[in-house]
Amino acid sequence: MPLVRIEVIKGRSETDLVAIGNAIHRALVECLNVPERDHFQIITEHSAGRLLYDSGYLGIARTDGIVFVQVFLSAGRTTEQKKAFYARVAGLLASEARVAPGDAIIVLVENTREDWSFGRGVAQYLELPMEQWK
Amino acid sequence: MPLVRIEVIKGRSETDLVAIGNAIHRALVECLNVPERDHFQIITEHSAGRLLYDSGYLGIARTDGIVFVQVFLSAGRTTEQKKAFYARVAGLLASEARVAPGDAIIVLVENTREDWSFGRGVAQYLELPMEQWK
Amino acid sequence: MPLVRIEVIKGRSETDLVAIGNAIHRALVECLNVPERDHFQIITEHSAGRLLYDSGYLGIARTDGIVFVQVFLSAGRTTEQKKAFYARVAGLLASEARVAPGDAIIVLVENTREDWSFGRGVAQYLELPMEQWK
């Protein structure tokens, strides 16, 4: 269900970029009930000067190692699930992908189940019972 | 009203990219009451490995010919209109732009009429009667 | 709180791109109560033919100098604030960054305060009192 947009500044290794995508997906699966195979991500590398961030807003030190994670997903997760997700993303990005915890910026944008088609022109989440979402 | 973000993997011809944009716009006009001239799209080509998708989620075979279509639009369309739109996008992408039906991924994100300015610093959808939206 | 996506066609000077980002941020601060340091933007330059727009929709003349501004932000602004924001963006883009008023396209997408983490895996807007948002 989620579409994930990941933005970084150029210069990371291929290995680290793969690890970033995997870490975010794992946190989605563990904390937000996303099916394992529901993995759709766009990773974009930007020149310095095209990804702008404040290096101290809210008392958090940020660096050019910043990662913007924007997740579009259906509504329905609780506040507690979202909080667990943020913590898990920051934790996994640090342990698996060498991203400093202060550099993990996460934004959720919600829509509804009828707002998705995964191919063949069908609104699968309206047509398929949830047990078959895999 | 819609802003459409289209993402593909590099390698398609210019002709096919134009056809993809046109197909999606035509489906918006036909199925979601979008004015013909309300045509605003961003097409981004990504390297393989930057546009990640699952090749079998929900039982649909997907390939590197995948097309992500994210449509930001004002709320107000019915479920039936959205379902018709998905079917029309997949159909037109196949017939006009050589996209396999399984490769058409569509996501809608809704806002409201007051969330749009089409230039000159004015919220046109609040100021102009709907008959003049053309 | 806002994440701002700015899209232009290639060919603008570095100075003008910086001025565009600054103009939009200043309008956010002045009109939508965004904290000065809450500055997070992604600027993407596209080839002609990848940023599609209608040159006359709603009676406004647009050119290849077009700037798409998509602002993701928490809900809570009034209609009047949004209208003031559009006018201020168009005004500042014209006076500070050589963007024609007709070329300023603005789209807002709202979420809620619990949908943001600014680093360290914490949902800051749920945890920090508003007086500390700086």
# chains A, B, ... in the order shown; residues from 1 in each chain; ligands from 1
>>> residues_around(residues="segment 79-92 of chain A", least_positions_apart="4", cutoff="6 Å", atoms="only C-alpha atoms", output="MDAnalysis selection string")
(chainID A and resid 23:24 27 31 96 101 104) or (chainID C and resid 120:121)
>>> interface_residues(of="chain A", to="chain C", cutoff="10 Å", atoms="only C-alpha atoms", output="PyMOL selection string")
chain A and resi 7-8+46-47+49-62+66-71+78-80+82-91+94+100-111
>>> calpha_fit_and_write(fixed="chain C", moving="chain A", output="mmCIF file with C-alpha atoms, in the first residue's frame")
data_model
loop_
_atom_site.group_PDB
_atom_site.id
_atom_site.type_symbol
_atom_site.label_atom_id
_atom_site.label_comp_id
_atom_site.auth_asym_id
_atom_site.auth_seq_id
_atom_site.Cartn_x
_atom_site.Cartn_y
_atom_site.Cartn_z
ATOM 1 C CA MET A 1 6.502 21.228 9.278
ATOM 2 C CA PRO A 2 6.310 21.702 5.616
ATOM 3 C CA LEU A 3 8.166 19.610 3.101
ATOM 4 C CA VAL A 4 8.352 21.635 -0.085
ATOM 5 C CA ARG A 5 8.910 20.162 -3.546
ATOM 6 C CA ILE A 6 9.929 22.720 -6.155
ATOM 7 C CA GLU A 7 10.162 21.769 -9.835
ATOM 8 C CA VAL A 8 11.555 23.887 -12.655
ATOM 9 C CA ILE A 9 12.803 23.416 -16.193
ATOM 10 C CA LYS A 10 16.612 23.392 -16.523
ATOM 11 C CA GLY A 11 18.372 26.595 -17.416
ATOM 12 C CA ARG A 12 17.916 28.872 -14.430
ATOM 13 C CA SER A 13 20.977 30.293 -12.724
ATOM 14 C CA GLU A 14 22.120 29.039 -9.368
ATOM 15 C CA THR A 15 21.317 32.472 -7.953
ATOM 16 C CA ASP A 16 17.754 32.335 -9.180
ATOM 17 C CA LEU A 17 17.235 28.817 -7.838
ATOM 18 C CA VAL A 18 18.415 29.908 -4.413
ATOM 19 C CA ALA A 19 16.157 32.954 -4.611
ATOM 20 C CA ILE A 20 13.171 30.744 -5.521
ATOM 21 C CA GLY A 21 13.704 28.536 -2.484
ATOM 22 C CA ASN A 22 14.145 31.529 -0.212
ATOM 23 C CA ALA A 23 11.066 33.326 -1.538
ATOM 24 C CA ILE A 24 8.844 30.335 -0.919
ATOM 25 C CA HIS A 25 10.225 29.830 2.549
ATOM 26 C CA ARG A 26 9.717 33.472 3.444
ATOM 27 C CA ALA A 27 6.086 33.294 2.346
ATOM 28 C CA LEU A 28 5.600 30.178 4.518
ATOM 29 C CA VAL A 29 7.025 31.979 7.522
ATOM 30 C CA GLU A 30 5.069 35.189 6.954
ATOM 31 C CA CYS A 31 1.681 33.736 5.992
ATOM 32 C CA LEU A 32 1.414 30.197 7.385
ATOM 33 C CA ASN A 33 3.141 30.501 10.766
ATOM 34 C CA VAL A 34 6.008 28.250 9.782
ATOM 35 C CA PRO A 35 9.011 28.595 12.123
ATOM 36 C CA GLU A 36 11.997 30.277 10.489
ATOM 37 C CA ARG A 37 14.226 27.230 10.904
ATOM 38 C CA ASP A 38 11.602 24.792 9.649
ATOM 39 C CA HIS A 39 13.142 24.845 6.199
ATOM 40 C CA PHE A 40 13.098 21.609 4.199
ATOM 41 C CA GLN A 41 12.950 21.792 0.413
ATOM 42 C CA ILE A 42 13.694 19.654 -2.596
ATOM 43 C CA ILE A 43 14.463 21.487 -5.841
ATOM 44 C CA THR A 44 14.406 19.401 -9.018
ATOM 45 C CA GLU A 45 15.389 20.586 -12.478
ATOM 46 C CA HIS A 46 13.727 18.818 -15.394
ATOM 47 C CA SER A 47 14.411 18.691 -19.106
ATOM 48 C CA ALA A 48 11.917 20.490 -21.301
ATOM 49 C CA GLY A 49 9.310 17.921 -22.193
ATOM 50 C CA ARG A 50 9.333 16.399 -18.727
ATOM 51 C CA LEU A 51 7.533 19.227 -16.949
ATOM 52 C CA LEU A 52 4.237 19.580 -18.782
ATOM 53 C CA TYR A 53 1.872 22.477 -18.307
ATOM 54 C CA ASP A 54 -0.953 24.122 -20.161
ATOM 55 C CA SER A 55 -0.022 27.577 -21.412
ATOM 56 C CA GLY A 56 -3.487 29.067 -20.969
ATOM 57 C CA TYR A 57 -5.663 27.111 -18.521
ATOM 58 C CA LEU A 58 -7.945 29.416 -16.505
ATOM 59 C CA GLY A 59 -6.891 32.337 -18.664
ATOM 60 C CA ILE A 60 -3.355 32.585 -17.307
ATOM 61 C CA ALA A 61 -0.381 32.763 -19.667
ATOM 62 C CA ARG A 62 2.382 30.356 -18.633
ATOM 63 C CA THR A 63 5.902 29.900 -20.016
ATOM 64 C CA ASP A 64 8.856 27.547 -19.693
ATOM 65 C CA GLY A 65 9.807 29.668 -16.704
ATOM 66 C CA ILE A 66 7.127 27.764 -14.812
ATOM 67 C CA VAL A 67 7.680 26.799 -11.167
ATOM 68 C CA PHE A 68 5.656 24.028 -9.539
ATOM 69 C CA VAL A 69 5.532 24.414 -5.754
ATOM 70 C CA GLN A 70 4.046 21.510 -3.832
ATOM 71 C CA VAL A 71 3.830 22.014 -0.074
ATOM 72 C CA PHE A 72 3.128 19.133 2.295
ATOM 73 C CA LEU A 73 2.094 20.538 5.669
ATOM 74 C CA SER A 74 -0.052 19.850 8.706
ATOM 75 C CA ALA A 75 -3.692 20.853 8.483
ATOM 76 C CA GLY A 76 -4.857 23.871 10.443
ATOM 77 C CA ARG A 77 -4.388 26.894 8.202
ATOM 78 C CA THR A 78 -7.480 28.881 7.295
ATOM 79 C CA THR A 79 -8.652 29.621 3.787
ATOM 80 C CA GLU A 80 -7.616 33.229 4.271
ATOM 81 C CA GLN A 81 -4.108 32.226 5.288
ATOM 82 C CA LYS A 82 -3.784 30.035 2.214
ATOM 83 C CA LYS A 83 -4.949 32.831 -0.065
ATOM 84 C CA ALA A 84 -2.466 35.229 1.504
ATOM 85 C CA PHE A 85 0.245 32.621 1.014
ATOM 86 C CA TYR A 86 -0.452 32.228 -2.705
ATOM 87 C CA ALA A 87 -0.343 35.967 -3.228
ATOM 88 C CA ARG A 88 2.865 36.297 -1.249
ATOM 89 C CA VAL A 89 4.596 33.450 -3.085
ATOM 90 C CA ALA A 90 3.726 34.920 -6.469
ATOM 91 C CA GLY A 91 4.774 38.390 -5.317
ATOM 92 C CA LEU A 92 8.103 37.317 -3.839
ATOM 93 C CA LEU A 93 8.941 35.009 -6.726
ATOM 94 C CA ALA A 94 8.437 37.960 -9.061
ATOM 95 C CA SER A 95 10.338 40.534 -7.031
ATOM 96 C CA GLU A 96 13.163 38.316 -5.750
ATOM 97 C CA ALA A 97 13.592 35.511 -8.265
ATOM 98 C CA ARG A 98 12.487 36.745 -11.676
ATOM 99 C CA VAL A 99 9.517 34.371 -11.940
ATOM 100 C CA ALA A 100 6.502 35.739 -13.830
ATOM 101 C CA PRO A 101 3.375 35.696 -11.641
ATOM 102 C CA GLY A 102 1.579 33.462 -14.117
ATOM 103 C CA ASP A 103 4.335 30.880 -13.778
ATOM 104 C CA ALA A 104 3.838 30.250 -10.048
ATOM 105 C CA ILE A 105 1.793 27.081 -9.617
ATOM 106 C CA ILE A 106 1.118 26.123 -5.989
ATOM 107 C CA VAL A 107 -0.427 22.977 -4.539
ATOM 108 C CA LEU A 108 -0.945 22.208 -0.854
ATOM 109 C CA VAL A 109 -1.316 18.703 0.569
ATOM 110 C CA GLU A 110 -2.241 18.410 4.228
ATOM 111 C CA ASN A 111 -1.534 15.756 6.823
ATOM 112 C CA THR A 112 -1.514 15.960 10.643
ATOM 113 C CA ARG A 113 1.015 16.685 13.350
ATOM 114 C CA GLU A 114 1.554 13.041 14.172
ATOM 115 C CA ASP A 115 2.746 12.465 10.608
ATOM 116 C CA TRP A 116 6.147 14.085 11.092
ATOM 117 C CA SER A 117 9.493 13.030 12.495
ATOM 118 C CA PHE A 118 12.363 15.488 12.218
ATOM 119 C CA GLY A 119 15.062 13.075 13.273
ATOM 120 C CA ARG A 120 16.075 10.618 16.010
ATOM 121 C CA GLY A 121 12.930 8.604 15.432
ATOM 122 C CA VAL A 122 10.692 10.923 17.447
ATOM 123 C CA ALA A 123 7.338 12.489 16.508
ATOM 124 C CA GLN A 124 8.448 15.907 17.692
ATOM 125 C CA TYR A 125 5.130 17.675 17.177
ATOM 126 C CA LEU A 126 3.490 15.277 19.610
ATOM 127 C CA GLU A 127 6.259 15.480 22.195
ATOM 128 C CA LEU A 128 7.475 19.059 22.200
ATOM 129 C CA PRO A 129 5.350 22.012 23.331
ATOM 130 C CA MET A 130 4.729 24.369 20.439
ATOM 131 C CA GLU A 131 6.771 27.136 22.077
ATOM 132 C CA GLN A 132 9.848 25.020 21.461
ATOM 133 C CA TRP A 133 9.320 24.656 17.725
ATOM 134 C CA LYS A 134 12.301 26.615 16.591
#
>>> select_by_dssp(residues="segment 41-118 of chain C", states="strand (DSSP E or B)", output="PyMOL selection string")
chain C and resi 41-46+51-52+67-74+104-111+116-117
>>> write_last_selection(atoms="C-alpha atoms", output="PDB file, in the first residue's frame")
ATOM      1  CA  GLN C  41      12.948  21.796   0.414  1.00  0.00           C
ATOM      2  CA  ILE C  42      13.694  19.657  -2.604  1.00  0.00           C
ATOM      3  CA  ILE C  43      14.459  21.479  -5.836  1.00  0.00           C
ATOM      4  CA  THR C  44      14.404  19.403  -9.021  1.00  0.00           C
ATOM      5  CA  GLU C  45      15.384  20.592 -12.486  1.00  0.00           C
ATOM      6  CA  HIS C  46      13.732  18.827 -15.395  1.00  0.00           C
ATOM      7  CA  LEU C  51       7.531  19.232 -16.935  1.00  0.00           C
ATOM      8  CA  LEU C  52       4.242  19.579 -18.758  1.00  0.00           C
ATOM      9  CA  VAL C  67       7.682  26.798 -11.168  1.00  0.00           C
ATOM     10  CA  PHE C  68       5.652  24.027  -9.542  1.00  0.00           C
ATOM     11  CA  VAL C  69       5.528  24.412  -5.757  1.00  0.00           C
ATOM     12  CA  GLN C  70       4.049  21.512  -3.821  1.00  0.00           C
ATOM     13  CA  VAL C  71       3.835  22.022  -0.073  1.00  0.00           C
ATOM     14  CA  PHE C  72       3.128  19.137   2.292  1.00  0.00           C
ATOM     15  CA  LEU C  73       2.083  20.541   5.678  1.00  0.00           C
ATOM     16  CA  SER C  74      -0.049  19.849   8.710  1.00  0.00           C
ATOM     17  CA  ALA C 104       3.847  30.243 -10.051  1.00  0.00           C
ATOM     18  CA  ILE C 105       1.793  27.070  -9.613  1.00  0.00           C
ATOM     19  CA  ILE C 106       1.117  26.131  -5.989  1.00  0.00           C
ATOM     20  CA  VAL C 107      -0.424  22.978  -4.535  1.00  0.00           C
ATOM     21  CA  LEU C 108      -0.943  22.208  -0.851  1.00  0.00           C
ATOM     22  CA  VAL C 109      -1.312  18.697   0.573  1.00  0.00           C
ATOM     23  CA  GLU C 110      -2.237  18.413   4.233  1.00  0.00           C
ATOM     24  CA  ASN C 111      -1.536  15.767   6.833  1.00  0.00           C
ATOM     25  CA  TRP C 116       6.156  14.088  11.096  1.00  0.00           C
ATOM     26  CA  SER C 117       9.487  13.024  12.500  1.00  0.00           C
TER      27      SER C 117
END
>>> select_by_dssp(residues="chain B", states="alpha helix (DSSP H)", output="VMD selection string")
chain B and resid 14 to 32 79 to 97 124 to 127
>>> write_last_selection(atoms="N, CA and C atoms", output="compact mmCIF listing (two decimals), in the first residue's frame")
# COMPACT_ATOMS: atom_id res chain seq x y z
N GLU B 14 11.21 8.68 -26.63
CA GLU B 14 10.51 9.95 -26.46
C GLU B 14 9.03 9.80 -26.86
N THR B 15 8.80 9.11 -27.93
CA THR B 15 7.42 8.90 -28.39
C THR B 15 6.58 8.19 -27.35
N ASP B 16 7.13 7.17 -26.74
CA ASP B 16 6.37 6.44 -25.73
C ASP B 16 6.14 7.28 -24.48
N LEU B 17 7.12 8.09 -24.12
CA LEU B 17 6.93 8.95 -22.93
C LEU B 17 5.81 9.96 -23.18
N VAL B 18 5.79 10.52 -24.36
CA VAL B 18 4.70 11.46 -24.70
C VAL B 18 3.37 10.72 -24.67
N ALA B 19 3.35 9.54 -25.21
CA ALA B 19 2.10 8.76 -25.24
C ALA B 19 1.63 8.40 -23.83
N ILE B 20 2.56 8.14 -22.94
CA ILE B 20 2.18 7.84 -21.55
C ILE B 20 1.50 9.05 -20.93
N GLY B 21 2.12 10.21 -21.07
CA GLY B 21 1.51 11.42 -20.50
C GLY B 21 0.13 11.68 -21.07
N ASN B 22 0.02 11.53 -22.38
CA ASN B 22 -1.26 11.78 -23.04
C ASN B 22 -2.34 10.79 -22.61
N ALA B 23 -1.95 9.54 -22.48
CA ALA B 23 -2.92 8.51 -22.10
C ALA B 23 -3.49 8.80 -20.71
N ILE B 24 -2.62 9.16 -19.80
CA ILE B 24 -3.08 9.44 -18.44
C ILE B 24 -3.98 10.67 -18.43
N HIS B 25 -3.57 11.68 -19.19
CA HIS B 25 -4.42 12.88 -19.21
C HIS B 25 -5.79 12.58 -19.81
N ARG B 26 -5.80 11.80 -20.85
CA ARG B 26 -7.09 11.48 -21.47
C ARG B 26 -8.01 10.73 -20.49
N ALA B 27 -7.44 9.82 -19.73
CA ALA B 27 -8.25 9.11 -18.74
C ALA B 27 -8.77 10.06 -17.66
N LEU B 28 -7.98 11.04 -17.27
CA LEU B 28 -8.44 12.04 -16.30
C LEU B 28 -9.63 12.82 -16.84
N VAL B 29 -9.52 13.20 -18.09
CA VAL B 29 -10.59 13.99 -18.72
C VAL B 29 -11.85 13.15 -18.85
N GLU B 30 -11.68 11.92 -19.32
CA GLU B 30 -12.85 11.08 -19.59
C GLU B 30 -13.54 10.58 -18.32
N CYS B 31 -12.76 10.26 -17.31
CA CYS B 31 -13.33 9.55 -16.15
C CYS B 31 -13.46 10.40 -14.89
N LEU B 32 -12.67 11.45 -14.76
CA LEU B 32 -12.67 12.21 -13.50
C LEU B 32 -13.06 13.68 -13.71
N THR B 79 -16.20 6.50 -5.72
CA THR B 79 -15.46 5.25 -5.87
C THR B 79 -15.60 4.71 -7.28
N GLU B 80 -16.80 4.80 -7.83
CA GLU B 80 -17.02 4.28 -9.18
C GLU B 80 -16.19 5.04 -10.21
N GLN B 81 -16.10 6.35 -10.04
CA GLN B 81 -15.27 7.13 -10.96
C GLN B 81 -13.80 6.73 -10.87
N LYS B 82 -13.35 6.52 -9.65
CA LYS B 82 -11.95 6.12 -9.50
C LYS B 82 -11.69 4.76 -10.15
N LYS B 83 -12.61 3.82 -9.96
CA LYS B 83 -12.43 2.50 -10.56
C LYS B 83 -12.42 2.59 -12.10
N ALA B 84 -13.30 3.43 -12.62
CA ALA B 84 -13.30 3.61 -14.08
C ALA B 84 -11.99 4.23 -14.55
N PHE B 85 -11.48 5.15 -13.75
CA PHE B 85 -10.21 5.79 -14.11
C PHE B 85 -9.07 4.76 -14.16
N TYR B 86 -8.97 3.92 -13.16
CA TYR B 86 -7.89 2.93 -13.16
C TYR B 86 -7.96 2.04 -14.41
N ALA B 87 -9.17 1.60 -14.71
CA ALA B 87 -9.32 0.72 -15.87
C ALA B 87 -8.95 1.45 -17.16
N ARG B 88 -9.34 2.72 -17.26
CA ARG B 88 -9.07 3.48 -18.47
C ARG B 88 -7.57 3.78 -18.60
N VAL B 89 -6.92 4.11 -17.50
CA VAL B 89 -5.47 4.34 -17.56
C VAL B 89 -4.77 3.08 -18.06
N ALA B 90 -5.07 1.96 -17.44
CA ALA B 90 -4.39 0.73 -17.83
C ALA B 90 -4.69 0.40 -19.29
N GLY B 91 -5.94 0.61 -19.72
CA GLY B 91 -6.31 0.32 -21.10
C GLY B 91 -5.60 1.22 -22.09
N LEU B 92 -5.60 2.51 -21.81
CA LEU B 92 -4.97 3.45 -22.74
C LEU B 92 -3.44 3.32 -22.74
N LEU B 93 -2.87 3.07 -21.58
CA LEU B 93 -1.41 2.86 -21.57
C LEU B 93 -1.03 1.66 -22.42
N ALA B 94 -1.87 0.63 -22.38
CA ALA B 94 -1.57 -0.55 -23.19
C ALA B 94 -1.77 -0.27 -24.68
N SER B 95 -2.89 0.37 -25.02
CA SER B 95 -3.19 0.53 -26.45
C SER B 95 -2.39 1.66 -27.10
N GLU B 96 -2.03 2.66 -26.33
CA GLU B 96 -1.40 3.85 -26.92
C GLU B 96 0.09 3.98 -26.61
N ALA B 97 0.55 3.33 -25.54
CA ALA B 97 1.92 3.63 -25.10
C ALA B 97 2.73 2.38 -24.77
N GLN B 124 -7.71 30.06 -7.71
CA GLN B 124 -8.72 30.15 -8.77
C GLN B 124 -9.99 29.35 -8.48
N TYR B 125 -9.87 28.21 -7.87
CA TYR B 125 -11.07 27.38 -7.69
C TYR B 125 -12.01 27.95 -6.63
N LEU B 126 -11.52 28.91 -5.87
CA LEU B 126 -12.41 29.62 -4.94
C LEU B 126 -13.02 30.86 -5.58
N GLU B 127 -12.36 31.38 -6.60
CA GLU B 127 -12.75 32.68 -7.14
C GLU B 127 -13.55 32.58 -8.43
>>> decode(residues="segment 68-78 of chain C", atoms="all heavy atoms", output="compact mmCIF listing (two decimals), in the first residue's frame")
# COMPACT_ATOMS: atom_id res chain seq x y z
N PHE C 68 6.65 24.78 -10.31
CA PHE C 68 5.65 24.03 -9.54
C PHE C 68 6.10 24.02 -8.08
O PHE C 68 7.24 23.63 -7.78
CB PHE C 68 5.57 22.57 -10.00
CG PHE C 68 4.91 22.32 -11.33
CD1 PHE C 68 4.44 23.36 -12.14
CD2 PHE C 68 4.74 21.01 -11.78
CE1 PHE C 68 3.83 23.08 -13.36
CE2 PHE C 68 4.13 20.74 -13.01
CZ PHE C 68 3.68 21.78 -13.80
N VAL C 69 5.22 24.40 -7.19
CA VAL C 69 5.53 24.41 -5.76
C VAL C 69 4.51 23.53 -5.06
O VAL C 69 3.32 23.86 -5.01
CB VAL C 69 5.42 25.84 -5.18
CG1 VAL C 69 5.79 25.83 -3.69
CG2 VAL C 69 6.29 26.81 -5.97
N GLN C 70 4.97 22.40 -4.54
CA GLN C 70 4.05 21.51 -3.82
C GLN C 70 4.46 21.50 -2.35
O GLN C 70 5.59 21.14 -2.02
CB GLN C 70 4.10 20.10 -4.41
CG GLN C 70 3.02 19.18 -3.83
CD GLN C 70 2.99 17.82 -4.50
OE1 GLN C 70 3.99 17.35 -5.01
NE2 GLN C 70 1.83 17.19 -4.49
N VAL C 71 3.53 21.89 -1.50
CA VAL C 71 3.84 22.02 -0.07
C VAL C 71 3.05 20.97 0.71
O VAL C 71 1.81 20.98 0.69
CB VAL C 71 3.46 23.43 0.45
CG1 VAL C 71 3.81 23.55 1.94
CG2 VAL C 71 4.14 24.52 -0.36
N PHE C 72 3.75 20.09 1.37
CA PHE C 72 3.13 19.14 2.29
C PHE C 72 3.22 19.75 3.69
O PHE C 72 4.32 20.10 4.14
CB PHE C 72 3.86 17.80 2.26
CG PHE C 72 3.78 17.12 0.92
CD1 PHE C 72 4.71 17.37 -0.07
CD2 PHE C 72 2.74 16.23 0.64
CE1 PHE C 72 4.62 16.75 -1.32
CE2 PHE C 72 2.65 15.61 -0.59
CZ PHE C 72 3.59 15.88 -1.58
N LEU C 73 2.08 19.88 4.36
CA LEU C 73 2.08 20.54 5.68
C LEU C 73 0.93 20.05 6.52
O LEU C 73 -0.04 19.49 6.00
CB LEU C 73 2.04 22.06 5.51
CG LEU C 73 0.70 22.74 5.19
CD1 LEU C 73 0.88 24.25 5.24
CD2 LEU C 73 0.15 22.32 3.84
N SER C 74 1.04 20.26 7.82
CA SER C 74 -0.05 19.85 8.71
C SER C 74 -1.28 20.71 8.46
O SER C 74 -1.17 21.91 8.19
CB SER C 74 0.37 20.01 10.17
OG SER C 74 1.38 19.10 10.48
N ALA C 75 -2.45 20.12 8.60
CA ALA C 75 -3.70 20.86 8.48
C ALA C 75 -3.80 21.89 9.60
O ALA C 75 -3.13 21.79 10.63
CB ALA C 75 -4.88 19.89 8.55
N GLY C 76 -4.62 22.90 9.39
CA GLY C 76 -4.84 23.87 10.43
C GLY C 76 -4.82 25.31 9.95
O GLY C 76 -5.24 26.20 10.66
N ARG C 77 -4.36 25.54 8.73
CA ARG C 77 -4.39 26.89 8.19
C ARG C 77 -5.78 27.20 7.65
O ARG C 77 -6.44 26.33 7.08
CB ARG C 77 -3.36 27.06 7.07
CG ARG C 77 -1.96 27.34 7.56
CD ARG C 77 -1.34 26.16 8.24
NE ARG C 77 0.01 26.44 8.72
CZ ARG C 77 0.89 25.51 9.04
NH1 ARG C 77 0.56 24.24 8.95
NH2 ARG C 77 2.08 25.86 9.47
N THR C 78 -6.19 28.46 7.79
CA THR C 78 -7.48 28.88 7.28
C THR C 78 -7.40 29.15 5.79
O THR C 78 -6.32 29.31 5.21
CB THR C 78 -7.94 30.17 7.98
OG1 THR C 78 -7.03 31.22 7.60
CG2 THR C 78 -7.93 30.02 9.49
